[in-house]
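Asks: Attaching a single structure in structure tokens format; questions to follow.
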Amino acid sequence: MKPPLSSSPFSSSILRKLRLSTFLILILLSFIVLVTILYSEEFSCIFSQRQSASISRSIKKNKKLPFVIGETKEGCDLFSGRWVWDEKRPLYEESECPYIQPQLTCQEHGRPDKDYQHWRWQPHGCSLPSFNATLMLETLRGKRMLFVGDSLNRGQYVSMDYNATIEFYWAPFLLESNSDDAVKHRIEKRVVRKGSINVHGKHWKGADIVVFNTYLWWMRGPNFNIMQGSFDDEVRDIVEVSTEDAYRMAMKSMLRWIKKNMDPKKTRVFFTSMSPTHQKSIEWGGELNQNCYNETKMIEDPNYWGSDSKKNIMQVIGEAFSKSKVPISFLNITQLSSYRKDAHTTIYKKQWNKLTPQQLANPFSYADCVHWCLPGLQDTWNELLFTKLFYP
């Protein structure tokens, strides 16, 4: 039996019974009314002791939300918990799912261990409902579920694919960019066109459930190239702005698109937080110049937060969501995934380019510490999505 790994619960306000004067009670009631007017959605602060940035989740707990059949125990933060060993995992076998891309089939490509498949996420104070594929299929009958974003969202899409009408749309920045080709998109100088979300957004219209993600492709340094005008212009007007401001622009564009195109009475929208990478083993007590290669145990420090998960970007998301009244459910998979240095594909995947003798001699040099094996961690992401869809 593997020991559970704990993480400290996110801090929450605790109302204590106080004997207040009539004057103080009136002030309190006035404050509650003001907050209700200003913030009609539910916000949850998501941070660890090492994460100074807070982020907001804007989804109102309301049984009238589309697809809702119940609710999560009040006060339970689904994203704060621990990983526990579960002999009943995985939920399916890699060989039984023909939809998994060869970049994610670790067992097929020689990974010798399977422990990474046996961990189950256990929130503090409640449990995730069992993933009910029949319920999901019945719910999606005649509906359209769409994952929009990069290859990490594609991995989540594959994990969810029960031969139903579920789609993936490649748009790593959500807006138009020079990396929009679904196959040939490895471009060194990435450029995003300002105000261009409708280039892709026109293909998202009519979806009943949309799951957005965007993060990894923005991480190219402190600054990013934003284009005014069109990619067809003979002379392109490209300006360099901070990556933080560029990402903020994308968040605002996404929220405006949702407000204009998604009917909150009929549809649901989710946004998945950044998927952590494990490129620097020194951050979890390993050796310098090594990464997730050969890691078979998860990180036990409940406060671990890797440097590749940018706190300033989490803050941008929180600020954008808190200022918007667009109903969007936030899937905070970052902290719980940060512990899982054991779950990456590393070298056990299809290699699109022939490896050099130098690479073969040093597996750390080509280990993929971004993407995740399936079955594995991303199945948990979909269990959380399932819970927020049916039991918010």
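Every chain in the structure tokens has a letter given in the order shown (A, B, ...), and although residue numbers restart at 1 in each chain, ligands are simply numbered from 1 in the order shown.
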If you run DSSP over the backbone, which residues in range 79-285 of chain A end up strand (DSSP E or B)? Put them as JSON, numbers by chain.
Replies: {"A": [81, 82, 83, 84, 85, 119, 120, 121, 122, 123, 145, 146, 147, 148, 149, 166, 167, 168, 169, 170, 177, 191, 192, 193, 209, 210, 211, 212, 223, 224, 225, 226, 227, 228, 237, 238, 239, 240, 241, 242, 268, 269, 270, 271, 272]}
Asks: Wanna dump the range 145-221 of chain A-range 362-379 of chain A contacts at 9 Å for me, each residue with its shortest atom pair and the distance in Å to one decimal, counting only C-alpha atoms, ordered by chain and number, as a Markdown table?
Replies:
| residue | atom | partner | partner_atom | distance |
| --- | --- | --- | --- | --- |
| A:Ser151 | CA | A:His371 | CA | 8.0 |
| A:Leu152 | CA | A:His371 | CA | 6.6 |
| A:Gly155 | CA | A:Gln378 | CA | 7.1 |
| A:Gln156 | CA | A:Gln378 | CA | 5.6 |
| A:Val158 | CA | A:Leu374 | CA | 8.8 |
| A:Ser159 | CA | A:Asp379 | CA | 5.8 |
| A:Met160 | CA | A:Asp379 | CA | 7.5 |
Asks: Next, write the just-selected residues to a file, as a PDB file, in the first residue's frame, keeping C-alpha atoms as the atom set.
Replies:
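Heads up, here's the output in again.pdb:
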ATOM      1  CA  SER A 151      -1.403  19.666 -27.392  1.00  0.00           C
ATOM      2  CA  LEU A 152      -2.015  19.465 -23.637  1.00  0.00           C
ATOM      3  CA  GLY A 155      -4.284  15.029 -24.423  1.00  0.00           C
ATOM      4  CA  GLN A 156      -7.237  15.812 -22.191  1.00  0.00           C
ATOM      5  CA  VAL A 158      -8.161  12.017 -25.964  1.00  0.00           C
ATOM      6  CA  SER A 159      -8.637  10.954 -22.354  1.00  0.00           C
ATOM      7  CA  MET A 160     -12.300  12.024 -22.577  1.00  0.00           C
TER       8      MET A 160
END
Asks: Quick one: contact table of range 325-377 of chain A to range 77-83 of chain A, 9 Å max, nearest atom pair and distance in Å to one decimal per residue, counting only C-alpha atoms, chain and number order, as JSON lines?
Replies:
{"residue": "A:Leu331", "atom": "CA", "partner": "A:Phe79", "partner_atom": "CA", "distance": 8.1}
{"residue": "A:Asn332", "atom": "CA", "partner": "A:Phe79", "partner_atom": "CA", "distance": 6.3}
{"residue": "A:Ile333", "atom": "CA", "partner": "A:Phe79", "partner_atom": "CA", "distance": 6.9}
{"residue": "A:Thr334", "atom": "CA", "partner": "A:Phe79", "partner_atom": "CA", "distance": 8.9}
{"residue": "A:Gln335", "atom": "CA", "partner": "A:Phe79", "partner_atom": "CA", "distance": 7.8}
{"residue": "A:Leu336", "atom": "CA", "partner": "A:Phe79", "partner_atom": "CA", "distance": 6.8}
{"residue": "A:Tyr339", "atom": "CA", "partner": "A:Trp83", "partner_atom": "CA", "distance": 8.9}
Asks: Write out, as a PDB file, in the first residue's frame, the residues just selected, with N, CA and C atoms.
Replies:
ATOM      1  N   LEU A 331     -10.768  25.209 -14.003  1.00  0.00           N
ATOM      2  CA  LEU A 331     -10.231  23.904 -13.623  1.00  0.00           C
ATOM      3  C   LEU A 331      -8.777  24.097 -13.209  1.00  0.00           C
ATOM      4  N   ASN A 332      -8.541  24.182 -11.925  1.00  0.00           N
ATOM      5  CA  ASN A 332      -7.194  24.475 -11.421  1.00  0.00           C
ATOM      6  C   ASN A 332      -6.391  23.191 -11.254  1.00  0.00           C
ATOM      7  N   ILE A 333      -5.831  22.728 -12.347  1.00  0.00           N
ATOM      8  CA  ILE A 333      -5.096  21.459 -12.317  1.00  0.00           C
ATOM      9  C   ILE A 333      -3.603  21.654 -12.020  1.00  0.00           C
ATOM     10  N   THR A 334      -3.167  22.905 -11.847  1.00  0.00           N
ATOM     11  CA  THR A 334      -1.735  23.187 -11.765  1.00  0.00           C
ATOM     12  C   THR A 334      -1.084  22.587 -10.524  1.00  0.00           C
ATOM     13  N   GLN A 335      -1.596  22.906  -9.333  1.00  0.00           N
ATOM     14  CA  GLN A 335      -0.950  22.432  -8.110  1.00  0.00           C
ATOM     15  C   GLN A 335      -0.953  20.910  -8.014  1.00  0.00           C
ATOM     16  N   LEU A 336      -2.094  20.296  -8.255  1.00  0.00           N
ATOM     17  CA  LEU A 336      -2.175  18.836  -8.121  1.00  0.00           C
ATOM     18  C   LEU A 336      -1.309  18.125  -9.152  1.00  0.00           C
ATOM     19  N   TYR A 339       2.899  17.931  -8.513  1.00  0.00           N
ATOM     20  CA  TYR A 339       3.528  16.835  -7.766  1.00  0.00           C
ATOM     21  C   TYR A 339       3.954  15.674  -8.677  1.00  0.00           C
TER      22      TYR A 339
END
Asks: Using only C-alpha atoms, pick whichever of A:Leu360, A:Phe224, A:Leu91, A:Phe270 has the shortest atom-to-atom distance to Pro392 in chain A.
Replies: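 Ranking A:Leu360, A:Phe224, A:Leu91, A:Phe270 by distance to Pro392 in chain A, first place goes to A:Phe270.
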Asks: May I have the residues within 8 Å of His200 in chain A as a PDB file with N, CA and C atoms, in the first residue's frame, using only C-alpha atoms and disregarding those fewer than 3 positions away in the same chain?
Replies:
ATOM      1  N   ALA A 171      -5.563  25.578 -31.477  1.00  0.00           N
ATOM      2  CA  ALA A 171      -5.396  27.031 -31.434  1.00  0.00           C
ATOM      3  C   ALA A 171      -4.574  27.348 -30.190  1.00  0.00           C
ATOM      4  N   LEU A 174      -5.298  30.718 -28.926  1.00  0.00           N
ATOM      5  CA  LEU A 174      -6.707  31.073 -29.083  1.00  0.00           C
ATOM      6  C   LEU A 174      -6.885  32.105 -30.192  1.00  0.00           C
ATOM      7  N   LEU A 175      -5.998  33.094 -30.261  1.00  0.00           N
ATOM      8  CA  LEU A 175      -6.033  34.077 -31.336  1.00  0.00           C
ATOM      9  C   LEU A 175      -5.250  33.549 -32.534  1.00  0.00           C
ATOM     10  N   GLU A 176      -5.382  34.242 -33.691  1.00  0.00           N
ATOM     11  CA  GLU A 176      -4.636  33.850 -34.886  1.00  0.00           C
ATOM     12  C   GLU A 176      -3.140  34.064 -34.660  1.00  0.00           C
ATOM     13  N   SER A 196      -7.916  38.974 -33.092  1.00  0.00           N
ATOM     14  CA  SER A 196      -8.199  38.031 -34.185  1.00  0.00           C
ATOM     15  C   SER A 196      -8.889  36.753 -33.731  1.00  0.00           C
ATOM     16  N   ILE A 197      -9.507  36.748 -32.568  1.00  0.00           N
ATOM     17  CA  ILE A 197     -10.051  35.494 -32.038  1.00  0.00           C
ATOM     18  C   ILE A 197     -11.145  34.916 -32.927  1.00  0.00           C
ATOM     19  N   HIS A 203     -15.343  28.810 -35.778  1.00  0.00           N
ATOM     20  CA  HIS A 203     -15.452  27.346 -35.822  1.00  0.00           C
ATOM     21  C   HIS A 203     -15.936  26.768 -34.495  1.00  0.00           C
ATOM     22  N   TRP A 204     -15.965  27.573 -33.470  1.00  0.00           N
ATOM     23  CA  TRP A 204     -16.390  27.093 -32.147  1.00  0.00           C
ATOM     24  C   TRP A 204     -17.874  27.312 -31.910  1.00  0.00           C
TER      25      TRP A 204
END
Asks: Go through A:Lys323, A:His118, A:Lys205, A:Arg193 one by one, measure the shortest atom-to-atom distance of each to Ile238 in chain A using only C-alpha atoms, and give the residue with the smallest value.
Replies: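 Selected residue with least distance to Ile238 in chain A: A:Arg193.
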Asks: Among range 128-219 of chain A, which residues carry a DSSP assignment of helix (DSSP H, G or I), reported as a PyMOL selection string?
Replies: chain A and resi 133-140+151-160+197-201+216-218
Asks: What is the CA of Leu146 in chain A-CA of Val210 in chain A distance in Å, reported with one decimal?
Replies: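 Separating CA of Leu146 in chain A from CA of Val210 in chain A is a distance of 4.8 Å.
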Asks: Ranking A:Asn303, A:Ser337, A:Ser253, A:Asn289 by minimum distance to Trp121 in chain A and counting only C-alpha atoms, which one comes first?
Replies: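 Under the stated criterion, the closest residue is A:Ser337.
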Asks: Do you know which residues are at most 6 Å from Asn291 in chain A counting only C-alpha atoms, after dropping those on the same chain fewer than 2 positions away, and could you put them as a count of residues only?
Replies: 4
Asks: Please provide as number ranges by chain all residues within 9 Å of Trp257 in chain A, with the sequence filter that same-chain residues fewer than 5 positions apart are discarded (counting only C-alpha atoms).
Replies: A: 197-198, 201, 252, 262
Asks: Any idea what's packed within 9 Å of Asp181 in chain A, counting only C-alpha atoms, ignoring anything in its chain fewer than 3 positions away? Could you give it as a ChimeraX atom specification?
Replies: /A:170-171,178,184-185
Asks: At a cut-off of 10 Å, using only C-alpha atoms, what residues contact range 226-234 of chain A? Leave out same-chain residues fewer than 4 positions from it and give the result as a compact mmCIF listing (two decimals) with all heavy atoms, in the first residue's frame.
Replies:
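Result file result-v1.txt:
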# COMPACT_ATOMS: atom_id res chain seq x y z
N GLU A 176 -5.38 34.24 -33.69
CA GLU A 176 -4.64 33.85 -34.89
C GLU A 176 -3.14 34.06 -34.66
O GLU A 176 -2.72 35.06 -34.08
CB GLU A 176 -5.10 34.68 -36.09
CG GLU A 176 -4.43 34.27 -37.40
CD GLU A 176 -4.84 35.13 -38.57
OE1 GLU A 176 -5.36 36.25 -38.35
OE2 GLU A 176 -4.62 34.71 -39.73
N SER A 177 -2.35 33.10 -35.14
CA SER A 177 -0.90 33.21 -34.97
C SER A 177 -0.21 32.55 -36.16
O SER A 177 -0.84 31.96 -37.04
CB SER A 177 -0.46 32.51 -33.67
OG SER A 177 -0.49 31.10 -33.83
N ASN A 178 1.11 32.65 -36.17
CA ASN A 178 1.87 31.97 -37.22
C ASN A 178 2.19 30.53 -36.83
O ASN A 178 3.01 29.87 -37.49
CB ASN A 178 3.14 32.75 -37.54
CG ASN A 178 4.10 32.84 -36.34
OD1 ASN A 178 3.72 32.54 -35.21
ND2 ASN A 178 5.32 33.28 -36.60
N ARG A 190 7.49 33.36 -32.70
CA ARG A 190 6.03 33.26 -32.69
C ARG A 190 5.40 34.64 -32.68
O ARG A 190 5.84 35.53 -31.95
CB ARG A 190 5.58 32.45 -31.48
CG ARG A 190 6.09 31.01 -31.52
CD ARG A 190 5.84 30.26 -30.24
NE ARG A 190 6.40 28.91 -30.32
CZ ARG A 190 6.43 28.05 -29.32
NH1 ARG A 190 5.93 28.40 -28.14
NH2 ARG A 190 6.94 26.85 -29.47
N VAL A 191 4.34 34.78 -33.48
CA VAL A 191 3.64 36.06 -33.60
C VAL A 191 2.15 35.82 -33.47
O VAL A 191 1.60 34.91 -34.10
CB VAL A 191 3.94 36.74 -34.97
CG1 VAL A 191 3.18 38.06 -35.08
CG2 VAL A 191 5.44 36.96 -35.15
N VAL A 192 1.49 36.63 -32.65
CA VAL A 192 0.05 36.55 -32.47
C VAL A 192 -0.58 37.84 -32.97
O VAL A 192 -0.08 38.94 -32.71
CB VAL A 192 -0.30 36.32 -30.99
CG1 VAL A 192 -1.80 36.49 -30.75
CG2 VAL A 192 0.13 34.92 -30.56
N ARG A 193 -1.68 37.69 -33.68
CA ARG A 193 -2.36 38.87 -34.23
C ARG A 193 -3.42 39.38 -33.27
O ARG A 193 -4.31 38.64 -32.84
CB ARG A 193 -3.02 38.50 -35.56
CG ARG A 193 -3.79 39.64 -36.21
CD ARG A 193 -4.50 39.15 -37.46
NE ARG A 193 -5.54 40.09 -37.85
CZ ARG A 193 -6.68 39.75 -38.43
NH1 ARG A 193 -6.94 38.47 -38.66
NH2 ARG A 193 -7.57 40.65 -38.76
N LYS A 194 -3.32 40.63 -32.93
CA LYS A 194 -4.24 41.26 -31.99
C LYS A 194 -5.67 41.29 -32.55
O LYS A 194 -5.89 41.54 -33.73
CB LYS A 194 -3.77 42.69 -31.69
CG LYS A 194 -4.61 43.42 -30.66
CD LYS A 194 -4.04 44.81 -30.40
CE LYS A 194 -4.87 45.55 -29.35
NZ LYS A 194 -4.33 46.91 -29.09
N GLY A 195 -6.64 41.05 -31.68
CA GLY A 195 -8.05 41.16 -32.05
C GLY A 195 -8.53 40.17 -33.08
O GLY A 195 -9.46 40.45 -33.84
N SER A 196 -7.92 38.97 -33.09
CA SER A 196 -8.20 38.03 -34.18
C SER A 196 -8.89 36.75 -33.73
O SER A 196 -8.87 35.76 -34.44
CB SER A 196 -6.88 37.66 -34.88
OG SER A 196 -5.99 37.04 -33.96
N ILE A 238 4.59 44.74 -36.38
CA ILE A 238 4.76 43.87 -35.22
C ILE A 238 5.42 44.65 -34.08
O ILE A 238 6.44 45.31 -34.27
CB ILE A 238 5.63 42.64 -35.57
CG1 ILE A 238 4.94 41.81 -36.67
CG2 ILE A 238 5.89 41.78 -34.34
CD1 ILE A 238 5.76 40.63 -37.15
N VAL A 239 4.80 44.59 -32.92
CA VAL A 239 5.35 45.27 -31.75
C VAL A 239 5.66 44.23 -30.68
O VAL A 239 5.01 43.18 -30.61
CB VAL A 239 4.36 46.32 -31.19
CG1 VAL A 239 4.13 47.42 -32.21
CG2 VAL A 239 3.04 45.68 -30.79
N GLU A 240 6.63 44.52 -29.88
CA GLU A 240 7.02 43.62 -28.79
C GLU A 240 6.45 44.15 -27.48
O GLU A 240 6.68 45.30 -27.12
CB GLU A 240 8.54 43.52 -28.70
CG GLU A 240 9.03 42.40 -27.81
CD GLU A 240 10.54 42.26 -27.83
OE1 GLU A 240 11.20 43.06 -27.14
OE2 GLU A 240 11.05 41.35 -28.52
N VAL A 241 5.68 43.31 -26.80
CA VAL A 241 5.10 43.69 -25.51
C VAL A 241 5.50 42.64 -24.49
O VAL A 241 6.03 41.58 -24.83
CB VAL A 241 3.57 43.81 -25.59
CG1 VAL A 241 3.14 44.82 -26.65
CG2 VAL A 241 2.93 42.45 -25.88
N SER A 242 5.26 42.91 -23.23
CA SER A 242 5.56 41.91 -22.22
C SER A 242 4.65 40.70 -22.42
O SER A 242 3.50 40.83 -22.86
CB SER A 242 5.37 42.49 -20.82
OG SER A 242 3.99 42.68 -20.54
N THR A 243 5.18 39.52 -22.13
CA THR A 243 4.38 38.30 -22.25
C THR A 243 3.14 38.39 -21.37
O THR A 243 2.06 37.91 -21.75
CB THR A 243 5.22 37.08 -21.86
OG1 THR A 243 6.35 36.99 -22.74
CG2 THR A 243 4.40 35.80 -21.95
N ALA A 246 0.60 40.43 -23.24
CA ALA A 246 0.12 39.66 -24.39
C ALA A 246 -0.90 38.62 -23.94
O ALA A 246 -1.95 38.43 -24.57
CB ALA A 246 1.29 39.00 -25.11
N MET A 249 -4.19 40.17 -23.00
CA MET A 249 -4.95 40.46 -24.21
C MET A 249 -5.74 39.23 -24.65
O MET A 249 -6.92 39.32 -25.02
CB MET A 249 -4.01 40.91 -25.32
CG MET A 249 -4.67 41.12 -26.68
SD MET A 249 -3.45 41.25 -28.01
CE MET A 249 -2.83 39.55 -28.07
